[in-house]
file run.cif (mmCIF, C-alpha atoms and all ligand atoms)
data_query
#
loop_
_atom_site.label_atom_id
_atom_site.label_comp_id
_atom_site.auth_asym_id
_atom_site.auth_seq_id
_atom_site.Cartn_x
_atom_site.Cartn_y
_atom_site.Cartn_z
CA MET A 1 72.26 -109.34 30.75
CA GLY A 2 74.63 -106.36 30.52
CA LEU A 3 77.88 -106.24 32.47
CA PHE A 4 76.66 -103.17 34.39
CA GLU A 5 73.07 -104.23 34.93
CA GLY A 6 72.04 -103.13 38.45
CA LYS A 7 75.15 -100.92 38.87
CA ARG A 8 74.97 -97.20 39.51
CA GLY A 9 77.63 -94.61 38.95
CA MET A 10 78.46 -90.92 38.61
CA ILE A 11 80.36 -89.52 35.65
CA PHE A 12 82.17 -86.20 36.02
CA GLY A 13 83.57 -84.31 33.03
CA ILE A 14 81.17 -84.41 30.10
CA ALA A 15 81.41 -81.07 28.28
CA ASN A 16 80.14 -82.12 24.85
CA LYS A 17 80.00 -85.12 22.54
CA SER A 18 83.77 -85.05 21.99
CA SER A 19 84.47 -85.54 25.70
CA ILE A 20 86.22 -88.74 26.74
CA ALA A 21 83.69 -88.97 29.58
CA TRP A 22 80.92 -89.14 26.99
CA GLY A 23 82.64 -92.12 25.33
CA ILE A 24 82.80 -93.80 28.75
CA ALA A 25 79.15 -92.97 29.50
CA GLN A 26 78.02 -94.56 26.22
CA ALA A 27 80.09 -97.69 26.84
CA LEU A 28 78.68 -98.15 30.36
CA ALA A 29 75.08 -97.33 29.41
CA ALA A 30 75.23 -99.91 26.62
CA GLU A 31 75.97 -102.50 29.33
CA GLY A 32 72.99 -101.48 31.43
CA ALA A 33 74.57 -99.03 33.92
CA GLU A 34 72.37 -96.48 35.67
CA LEU A 35 74.26 -93.20 35.34
CA GLY A 36 74.34 -89.72 36.80
CA PHE A 37 76.19 -86.83 35.13
CA SER A 38 77.80 -83.82 36.73
CA TYR A 39 79.05 -80.94 34.60
CA ALA A 40 81.11 -77.83 35.29
CA GLY A 41 78.83 -74.85 34.79
CA GLU A 42 75.70 -73.33 33.35
CA VAL A 43 77.31 -72.79 29.95
CA LEU A 44 77.61 -76.56 29.48
CA GLN A 45 74.06 -77.35 30.58
CA LYS A 46 72.59 -77.03 27.10
CA ARG A 47 75.22 -79.44 25.73
CA VAL A 48 75.06 -82.03 28.52
CA GLU A 49 71.29 -82.26 29.01
CA PRO A 50 70.49 -83.53 25.51
CA LEU A 51 73.31 -86.08 25.77
CA ALA A 52 71.93 -87.29 29.10
CA GLU A 53 68.47 -87.52 27.60
CA SER A 54 69.72 -89.61 24.70
CA LEU A 55 70.90 -92.27 27.19
CA GLY A 56 67.89 -91.95 29.49
CA VAL A 57 70.06 -90.44 32.25
CA GLN A 58 67.82 -88.68 34.76
CA PHE A 59 70.33 -87.32 37.27
CA VAL A 60 72.15 -84.34 35.72
CA GLU A 61 73.61 -81.76 38.09
CA GLU A 62 76.08 -78.90 37.93
CA CYS A 63 79.14 -78.94 40.21
CA ASP A 64 82.33 -76.90 40.18
CA VAL A 65 84.84 -79.31 41.71
CA THR A 66 86.89 -76.45 43.18
CA ASN A 67 83.98 -75.51 45.43
CA GLU A 68 83.68 -77.64 48.60
CA ASP A 69 80.10 -76.53 49.34
CA ALA A 70 79.05 -77.33 45.78
CA ILE A 71 80.54 -80.84 46.08
CA ASP A 72 78.78 -81.41 49.41
CA SER A 73 75.46 -80.30 48.04
CA LEU A 74 75.92 -82.42 44.89
CA PHE A 75 76.66 -85.56 46.91
CA ALA A 76 73.65 -84.95 49.16
CA LYS A 77 71.58 -85.09 45.95
CA VAL A 78 73.50 -88.13 44.67
CA GLY A 79 72.78 -89.96 47.95
CA ALA A 80 69.11 -89.02 47.85
CA HIS A 81 68.72 -90.08 44.23
CA PHE A 82 70.82 -93.26 44.03
CA GLY A 83 71.08 -94.44 47.63
CA THR A 84 74.36 -96.21 46.91
CA LEU A 85 76.97 -96.02 44.15
CA ASP A 86 79.09 -98.70 42.49
CA PHE A 87 81.47 -96.50 40.51
CA LEU A 88 82.70 -92.99 39.84
CA VAL A 89 84.47 -91.57 36.77
CA HIS A 90 86.70 -88.50 37.12
CA SER A 91 87.40 -87.05 33.67
CA ILE A 92 88.27 -83.49 34.62
CA ALA A 93 91.25 -81.27 33.94
CA TYR A 94 91.95 -77.59 33.59
CA ALA A 95 94.92 -75.23 33.44
CA PRO A 96 95.01 -71.60 32.29
CA ARG A 97 95.74 -71.46 28.58
CA GLU A 98 98.86 -69.32 29.06
CA ASP A 99 100.40 -72.15 31.10
CA LEU A 100 99.82 -74.73 28.33
CA GLY A 101 102.50 -73.47 25.98
CA GLY A 102 105.80 -71.67 25.86
CA ARG A 103 108.55 -71.98 28.45
CA PHE A 104 107.70 -74.20 31.44
CA VAL A 105 109.94 -72.05 33.61
CA ASN A 106 107.40 -69.24 33.25
CA THR A 107 104.55 -71.25 34.80
CA SER A 108 102.72 -68.90 37.16
CA ARG A 109 102.13 -69.73 40.82
CA ASP A 110 98.43 -69.24 40.30
CA GLY A 111 98.35 -71.37 37.15
CA PHE A 112 100.15 -74.14 39.00
CA ARG A 113 97.73 -73.96 41.92
CA VAL A 114 94.65 -73.97 39.72
CA ALA A 115 95.90 -76.84 37.53
CA LEU A 116 96.69 -79.03 40.54
CA ASP A 117 93.46 -78.10 42.31
CA VAL A 118 91.08 -78.79 39.41
CA SER A 119 92.95 -81.68 37.80
CA CYS A 120 94.25 -83.54 40.83
CA TYR A 121 92.87 -82.53 44.23
CA SER A 122 89.33 -82.81 42.85
CA LEU A 123 89.76 -86.59 42.69
CA VAL A 124 90.39 -86.67 46.44
CA ALA A 125 87.47 -84.32 47.04
CA LEU A 126 85.08 -86.52 45.04
CA ALA A 127 86.42 -89.78 46.47
CA LYS A 128 85.93 -88.45 50.01
CA ARG A 129 82.19 -87.95 49.37
CA ALA A 130 81.70 -91.01 47.16
CA TYR A 131 83.23 -93.76 49.28
CA PRO A 132 80.60 -93.61 52.07
CA LEU A 133 78.03 -94.23 49.31
CA MET A 134 79.84 -97.45 48.34
CA PRO A 135 79.14 -99.74 51.34
CA ASN A 136 79.46 -102.81 49.13
CA GLY A 137 82.74 -101.73 47.56
CA GLY A 138 83.17 -100.08 44.18
CA ALA A 139 85.52 -98.68 41.58
CA MET A 140 86.82 -95.23 40.72
CA LEU A 141 88.52 -94.20 37.50
CA ALA A 142 90.56 -91.12 36.56
CA MET A 143 91.99 -90.01 33.21
CA THR A 144 95.68 -89.30 32.77
CA TYR A 145 98.23 -88.73 30.00
CA TYR A 146 101.78 -89.85 29.18
CA GLY A 147 102.97 -86.27 29.76
CA ALA A 148 102.92 -87.22 33.47
CA GLU A 149 105.99 -89.40 32.95
CA LYS A 150 107.86 -88.02 29.96
CA VAL A 151 108.18 -84.46 28.82
CA THR A 152 105.55 -83.52 26.26
CA PRO A 153 106.42 -79.98 25.17
CA ASN A 154 103.62 -77.47 25.84
CA TYR A 155 101.72 -79.89 28.11
CA ASN A 156 103.80 -78.20 30.80
CA VAL A 157 102.00 -77.73 34.14
CA MET A 158 99.37 -80.29 33.13
CA GLY A 159 102.13 -82.93 33.01
CA VAL A 160 102.97 -82.06 36.62
CA ALA A 161 99.28 -82.21 37.56
CA LYS A 162 98.92 -85.63 35.90
CA ALA A 163 101.99 -86.95 37.75
CA ALA A 164 100.34 -85.84 40.99
CA LEU A 165 97.04 -87.39 39.84
CA GLU A 166 98.70 -90.76 39.19
CA ALA A 167 100.28 -90.69 42.66
CA THR A 168 96.88 -89.72 44.09
CA VAL A 169 95.34 -92.77 42.38
CA ARG A 170 97.90 -95.00 44.14
CA TYR A 171 97.36 -93.43 47.57
CA LEU A 172 93.58 -93.59 47.22
CA ALA A 173 93.87 -97.22 46.07
CA TRP A 174 95.83 -98.03 49.21
CA ASP A 175 93.48 -96.14 51.52
CA LEU A 176 90.18 -97.25 49.97
CA GLY A 177 91.27 -100.87 49.59
CA GLN A 178 90.00 -101.40 53.14
CA ASN A 179 86.55 -100.38 51.85
CA GLU A 180 86.80 -102.82 48.91
CA ILE A 181 87.01 -99.83 46.56
CA ARG A 182 89.45 -99.94 43.65
CA VAL A 183 90.99 -96.81 42.14
CA ASN A 184 92.67 -96.83 38.74
CA ALA A 185 93.55 -94.51 35.87
CA ILE A 186 93.57 -94.78 32.10
CA SER A 187 96.46 -93.10 30.31
CA ALA A 188 94.75 -92.20 27.05
CA GLY A 189 96.46 -91.37 23.78
CA PRO A 190 95.68 -87.89 22.45
CA ILE A 191 92.11 -87.26 21.30
CA LYS A 192 90.76 -83.96 19.96
CA THR A 193 88.50 -82.49 22.67
CA LEU A 194 87.79 -79.12 24.24
CA ALA A 195 90.53 -79.66 26.86
CA SER A 196 93.21 -80.97 24.50
CA SER A 197 92.62 -78.14 22.01
CA GLY A 198 93.87 -75.76 24.73
CA VAL A 199 97.38 -77.25 24.54
CA SER A 200 99.60 -75.41 22.03
CA GLY A 201 100.58 -77.56 19.05
CA PHE A 202 98.06 -80.29 19.93
CA ARG A 203 97.28 -81.13 16.29
CA LYS A 204 100.92 -81.76 15.53
CA SER A 205 101.39 -84.00 18.52
CA LEU A 206 98.22 -85.94 17.60
CA SER A 207 99.61 -86.69 14.16
CA TYR A 208 103.07 -87.52 15.56
CA VAL A 209 101.65 -89.99 18.09
CA GLY A 210 99.46 -91.52 15.37
CA SER A 211 102.52 -92.10 13.18
CA VAL A 212 104.70 -93.58 15.98
CA ALA A 213 102.19 -95.72 17.94
CA PRO A 214 102.07 -99.34 16.71
CA MET A 215 98.25 -99.21 16.62
CA GLY A 216 97.90 -95.54 15.66
CA ASN A 217 95.62 -93.02 17.36
CA VAL A 218 92.81 -93.90 19.74
CA ASP A 219 89.23 -92.67 20.03
CA GLN A 220 86.59 -92.28 22.74
CA GLU A 221 85.25 -95.76 22.06
CA ASP A 222 88.66 -97.30 22.79
CA ILE A 223 88.71 -95.53 26.14
CA GLY A 224 85.08 -96.46 26.87
CA ASP A 225 85.80 -100.16 26.35
CA ALA A 226 88.83 -100.05 28.67
CA ALA A 227 86.72 -98.21 31.25
CA ARG A 228 84.24 -101.11 31.18
CA TYR A 229 87.07 -103.39 32.25
CA LEU A 230 88.41 -101.14 35.03
CA LEU A 231 84.97 -100.36 36.45
CA SER A 232 83.59 -103.91 36.33
CA ASP A 233 84.29 -107.07 38.30
CA TRP A 234 86.47 -108.30 35.42
CA SER A 235 89.28 -106.26 37.05
CA ARG A 236 88.27 -107.10 40.64
CA LYS A 237 91.80 -107.29 42.06
CA VAL A 238 93.31 -104.53 39.91
CA THR A 239 93.89 -101.33 41.84
CA GLY A 240 96.28 -98.37 41.86
CA GLU A 241 97.18 -99.01 38.22
CA VAL A 242 97.61 -96.79 35.20
CA LEU A 243 96.37 -98.64 32.10
CA TYR A 244 97.72 -97.32 28.80
CA VAL A 245 95.12 -97.04 26.09
CA ASP A 246 97.38 -95.24 23.65
CA GLY A 247 97.83 -97.53 20.65
CA GLY A 248 101.13 -98.61 22.22
CA PHE A 249 102.80 -95.20 21.96
CA ASN A 250 104.39 -95.52 25.43
CA ILE A 251 106.45 -98.60 24.48
CA MET A 252 108.25 -96.83 21.63
CA GLY A 253 111.73 -95.41 22.05
CA ALA A 254 111.99 -93.98 18.53
CA PRO A 255 109.78 -93.66 15.45
CA ASP A 256 109.99 -96.45 12.86
CA PRO A 257 112.46 -95.18 10.20
CA SER A 258 110.79 -97.33 7.53
CA GLY A 259 107.67 -95.22 8.06
CA GLU A 260 109.61 -92.12 7.06
CA GLU A 261 111.12 -93.93 4.08
CA LYS A 262 107.65 -94.98 2.97
CA GLU A 263 106.42 -91.41 3.39
CA ALA A 264 109.40 -90.07 1.42
CA GLN A 265 108.82 -92.63 -1.35
CA SER A 266 105.13 -91.80 -1.63
CA ALA A 267 105.84 -88.03 -1.68
P1 LIG B 1 86.89 -82.22 27.92
O1 LIG B 1 87.14 -80.76 27.78
O2 LIG B 1 85.78 -82.79 27.15
O3 LIG B 1 86.75 -82.61 29.45
C1 LIG B 1 87.34 -81.91 30.50
C2 LIG B 1 86.24 -81.68 31.50
O4 LIG B 1 86.73 -81.06 32.70
C3 LIG B 1 85.13 -80.76 30.96
O5 LIG B 1 83.90 -81.40 31.02
C4 LIG B 1 85.17 -79.58 31.90
O6 LIG B 1 83.91 -78.98 32.08
C5 LIG B 1 85.66 -80.25 33.17
N1 LIG B 1 86.10 -79.29 34.17
C6 LIG B 1 87.08 -78.35 34.07
N2 LIG B 1 87.11 -77.59 35.17
C7 LIG B 1 86.14 -78.07 36.02
C8 LIG B 1 85.66 -77.69 37.29
N3 LIG B 1 86.21 -76.68 37.97
N4 LIG B 1 84.63 -78.40 37.84
C9 LIG B 1 84.07 -79.44 37.18
N5 LIG B 1 84.49 -79.84 35.96
C10 LIG B 1 85.50 -79.15 35.37
O7 LIG B 1 88.26 -82.91 27.49
P2 LIG B 1 88.76 -84.44 27.62
O8 LIG B 1 89.93 -84.51 26.73
O9 LIG B 1 87.63 -85.36 27.43
O10 LIG B 1 89.31 -84.50 29.11
C11 LIG B 1 88.87 -85.45 30.05
C12 LIG B 1 90.04 -86.02 30.83
O11 LIG B 1 90.85 -86.81 29.97
C13 LIG B 1 90.95 -84.96 31.43
O12 LIG B 1 91.42 -85.41 32.69
C14 LIG B 1 92.10 -84.94 30.43
O13 LIG B 1 93.30 -84.44 30.97
C15 LIG B 1 92.18 -86.42 30.15
N6 LIG B 1 92.95 -86.79 28.97
C16 LIG B 1 92.66 -86.24 27.76
C17 LIG B 1 93.39 -86.61 26.64
C18 LIG B 1 93.10 -86.00 25.30
O14 LIG B 1 93.98 -86.04 24.44
N7 LIG B 1 91.94 -85.46 25.06
C19 LIG B 1 94.41 -87.56 26.76
C20 LIG B 1 94.67 -88.12 28.00
C21 LIG B 1 93.93 -87.73 29.11
#

call {"tool": "encode", "arguments": {"input": "run.cif", "output": "structure tokens", "more": "lines below"}}
Ligand code: NAD
result
Amino acid sequence: MGLFEGKRGMIFGIANKSSIAWGIAQALAAEGAELGFSYAGEVLQKRVEPLAESLGVQFVEECDVTNEDAIDSLFAKVGAHFGTLDFLVHSIAYAPREDLGGRFVNTSRDGFRVALDVSCYSLVALAKRAYPLMPNGGAMLAMTYYGAEKVTPNYNVMGVAKAALEATVRYLAWDLGQNEIRVNAISAGPIKTLASSGVSGFRKSLSYVGSVAPMGNVDQEDIGDAARYLLSDWSRKVTGEVLYVDGGFNIMGAPDPSGEEKEAQSA
């Protein structure tokens, strides 16, 4: 019997087959989870529907997480379809492209507002509607990045949004603990996706992280497997945490000089 047999959950943030949320969906479906998908807009429908079909997912609905009415109407449908939920995955982020590069000091007020609204407040907005559907407790999971803690040039306002998201995870974990609901985040190493491609110099930072991290770069499957842990009873008393799934990049203080020597020798 699969780990998620009899469990139901909503996944937010699948844009295409490169999305981290798609890796998580596959990992959970393989363990028997009953899933619902929500995507950002009409443009993505033709990408998300075939993916849903390939996993036998029947509930697929559009929802712009900046729109309160849209979230209300989505959750009315979620309630009608599933009755109750056991988990929710928030894998959503957005900032205007011009704020994901160049000097941080030039971040626009509007760019800041939008980044924090879409990438951080949306977790509160979804949690507010999801927790009443979890009368038997549950688990929520958000996706973050190391740029929340340490400066990652060009990540800029998204680093600020992720810092706020990580704090939001802790406050939600405290508040929803009384409902037996756990809230955690995965801090994923860089993976090439639609969102990450919007950050200037992403390819360079992907190859840098891959060369510094003890276990190299990560992929969607690595994140999916960690999500199984954080969304299942295997982590039943773990809440408010940020779990690094980054090949160990965050423990390093400097790149291994022997790596450079080896590279120089092989050149
Ligand atoms: P992605 O582009 O596949 O996913 C981002 C999703 O956010 C998309 O599905 C997009 O439609 C959705 N979204 C944006 N605005 C929205 C809105 N207003 N309403 C509803 N949905 C909206 O890219 P991804 O890399 O899979 O990103 C998923 C999460 O993982 C994000 O939180 C991202 O910051 C985080 N993350 C990514 C990386 C990486 O390197 N790719 C690393 C660490 C964390």

call {"tool": "axis_aligned_box", "arguments": {"input": "run.cif", "around": "stretch 219-237 of chain A", "padding_each_side": "6 Å", "output": "lines of an AutoDock Vina configuration file"}}
result
center_x = 87.7
center_y = -100.3
center_z = 31.0
size_x = 20.2
size_y = 28.0
size_z = 34.0

call {"tool": "closest_atom_pairs", "arguments": {"input": "run.cif", "of": "stretch 100-156 of chain A", "to": "stretch 170-183 of chain A", "cutoff": "12 Å", "atoms": "all atoms listed in the file", "output": "tab-separated table"}}
result
residue	atom	partner	partner_atom	distance
A:Cys120	CA	A:Leu172	CA	11.9
A:Tyr121	CA	A:Leu172	CA	11.5
A:Leu123	CA	A:Leu172	CA	9.2
A:Val124	CA	A:Leu172	CA	7.7
A:Ala125	CA	A:Leu172	CA	11.1
A:Leu126	CA	A:Leu172	CA	11.3
A:Ala127	CA	A:Leu172	CA	8.1
A:Lys128	CA	A:Leu172	CA	9.6
A:Ala130	CA	A:Ile181	CA	10.3
A:Tyr131	CA	A:Ile181	CA	7.7
A:Pro132	CA	A:Asn179	CA	9.0
A:Leu133	CA	A:Asn179	CA	10.8
A:Met134	CA	A:Ile181	CA	7.8
A:Pro135	CA	A:Asn179	CA	7.5
A:Asn136	CA	A:Glu180	CA	7.3
A:Gly137	CA	A:Glu180	CA	4.4
A:Gly138	CA	A:Ile181	CA	4.5
A:Ala139	CA	A:Arg182	CA	4.6
A:Met140	CA	A:Val183	CA	4.7
A:Leu141	CA	A:Val183	CA	5.9
A:Ala142	CA	A:Val183	CA	8.0
A:Met143	CA	A:Val183	CA	11.3

call {"tool": "residues_near_ligand", "arguments": {"input": "run.cif", "ligand": "ligand LIG 1 (chain B)", "cutoff": "8 Å", "atoms": "only C-alpha atoms and all ligand atoms", "output": "ChimeraX atom specification"}}
result
/A:12-22,38-41,44,63-67,90-94,118-119,142-146,158,162,186-197

call {"tool": "residues_around", "arguments": {"input": "run.cif", "residues": "stretch 50-55 of chain A", "least_positions_apart": "3", "cutoff": "9 Å", "atoms": "all atoms listed in the file", "output": "VMD selection string"}}
result
chain A and resid 16 to 17 22 25 to 26 29 to 30 35 to 37 45 to 47 58 to 60

call {"tool": "atom_distance", "arguments": {"input": "run.cif", "atom1": "atom CA of A:Val245", "atom2": "atom CA of A:Ala161"}}
result
19.2 Å

call {"tool": "atom_distance", "arguments": {"input": "run.cif", "atom1": "atom CA of A:Met252", "atom2": "atom CA of A:Val199"}}
result
22.6 Å

call {"tool": "residues_near_point", "arguments": {"input": "run.cif", "point": "(96.0, -95.1, 35.8)", "cutoff": "6 Å", "atoms": "only C-alpha atoms", "output": "JSON, numbers by chain"}}
result
{"A": [184, 185, 186, 187, 241, 242, 243]}

call {"tool": "closest_residue", "arguments": {"input": "run.cif", "among": "A:Glu31, A:Gly216, A:Met1, A:Asn154", "to": "A:Asn106", "atoms": "all atoms listed in the file"}}
result
A:Asn154

call {"tool": "atom_distance", "arguments": {"input": "run.cif", "atom1": "atom CA of A:Pro255", "atom2": "atom CA of A:Tyr208"}}
result
9.1 Å

call {"tool": "closest_residue", "arguments": {"input": "run.cif", "among": "A:Asp233, A:Asp246, A:Ala167, A:Thr152", "to": "A:Phe104", "atoms": "all atoms listed in the file"}}
result
A:Thr152

call {"tool": "closest_residue", "arguments": {"input": "run.cif", "among": "A:Asp225, A:Val160, A:Ser235, A:Asp219", "to": "A:Gly247", "atoms": "only C-alpha atoms"}}
result
A:Asp219

call {"tool": "closest_residue", "arguments": {"input": "run.cif", "among": "A:Arg236, A:Pro257, A:Gly111, A:Leu116", "to": "A:Thr168", "atoms": "all atoms listed in the file"}}
result
A:Leu116
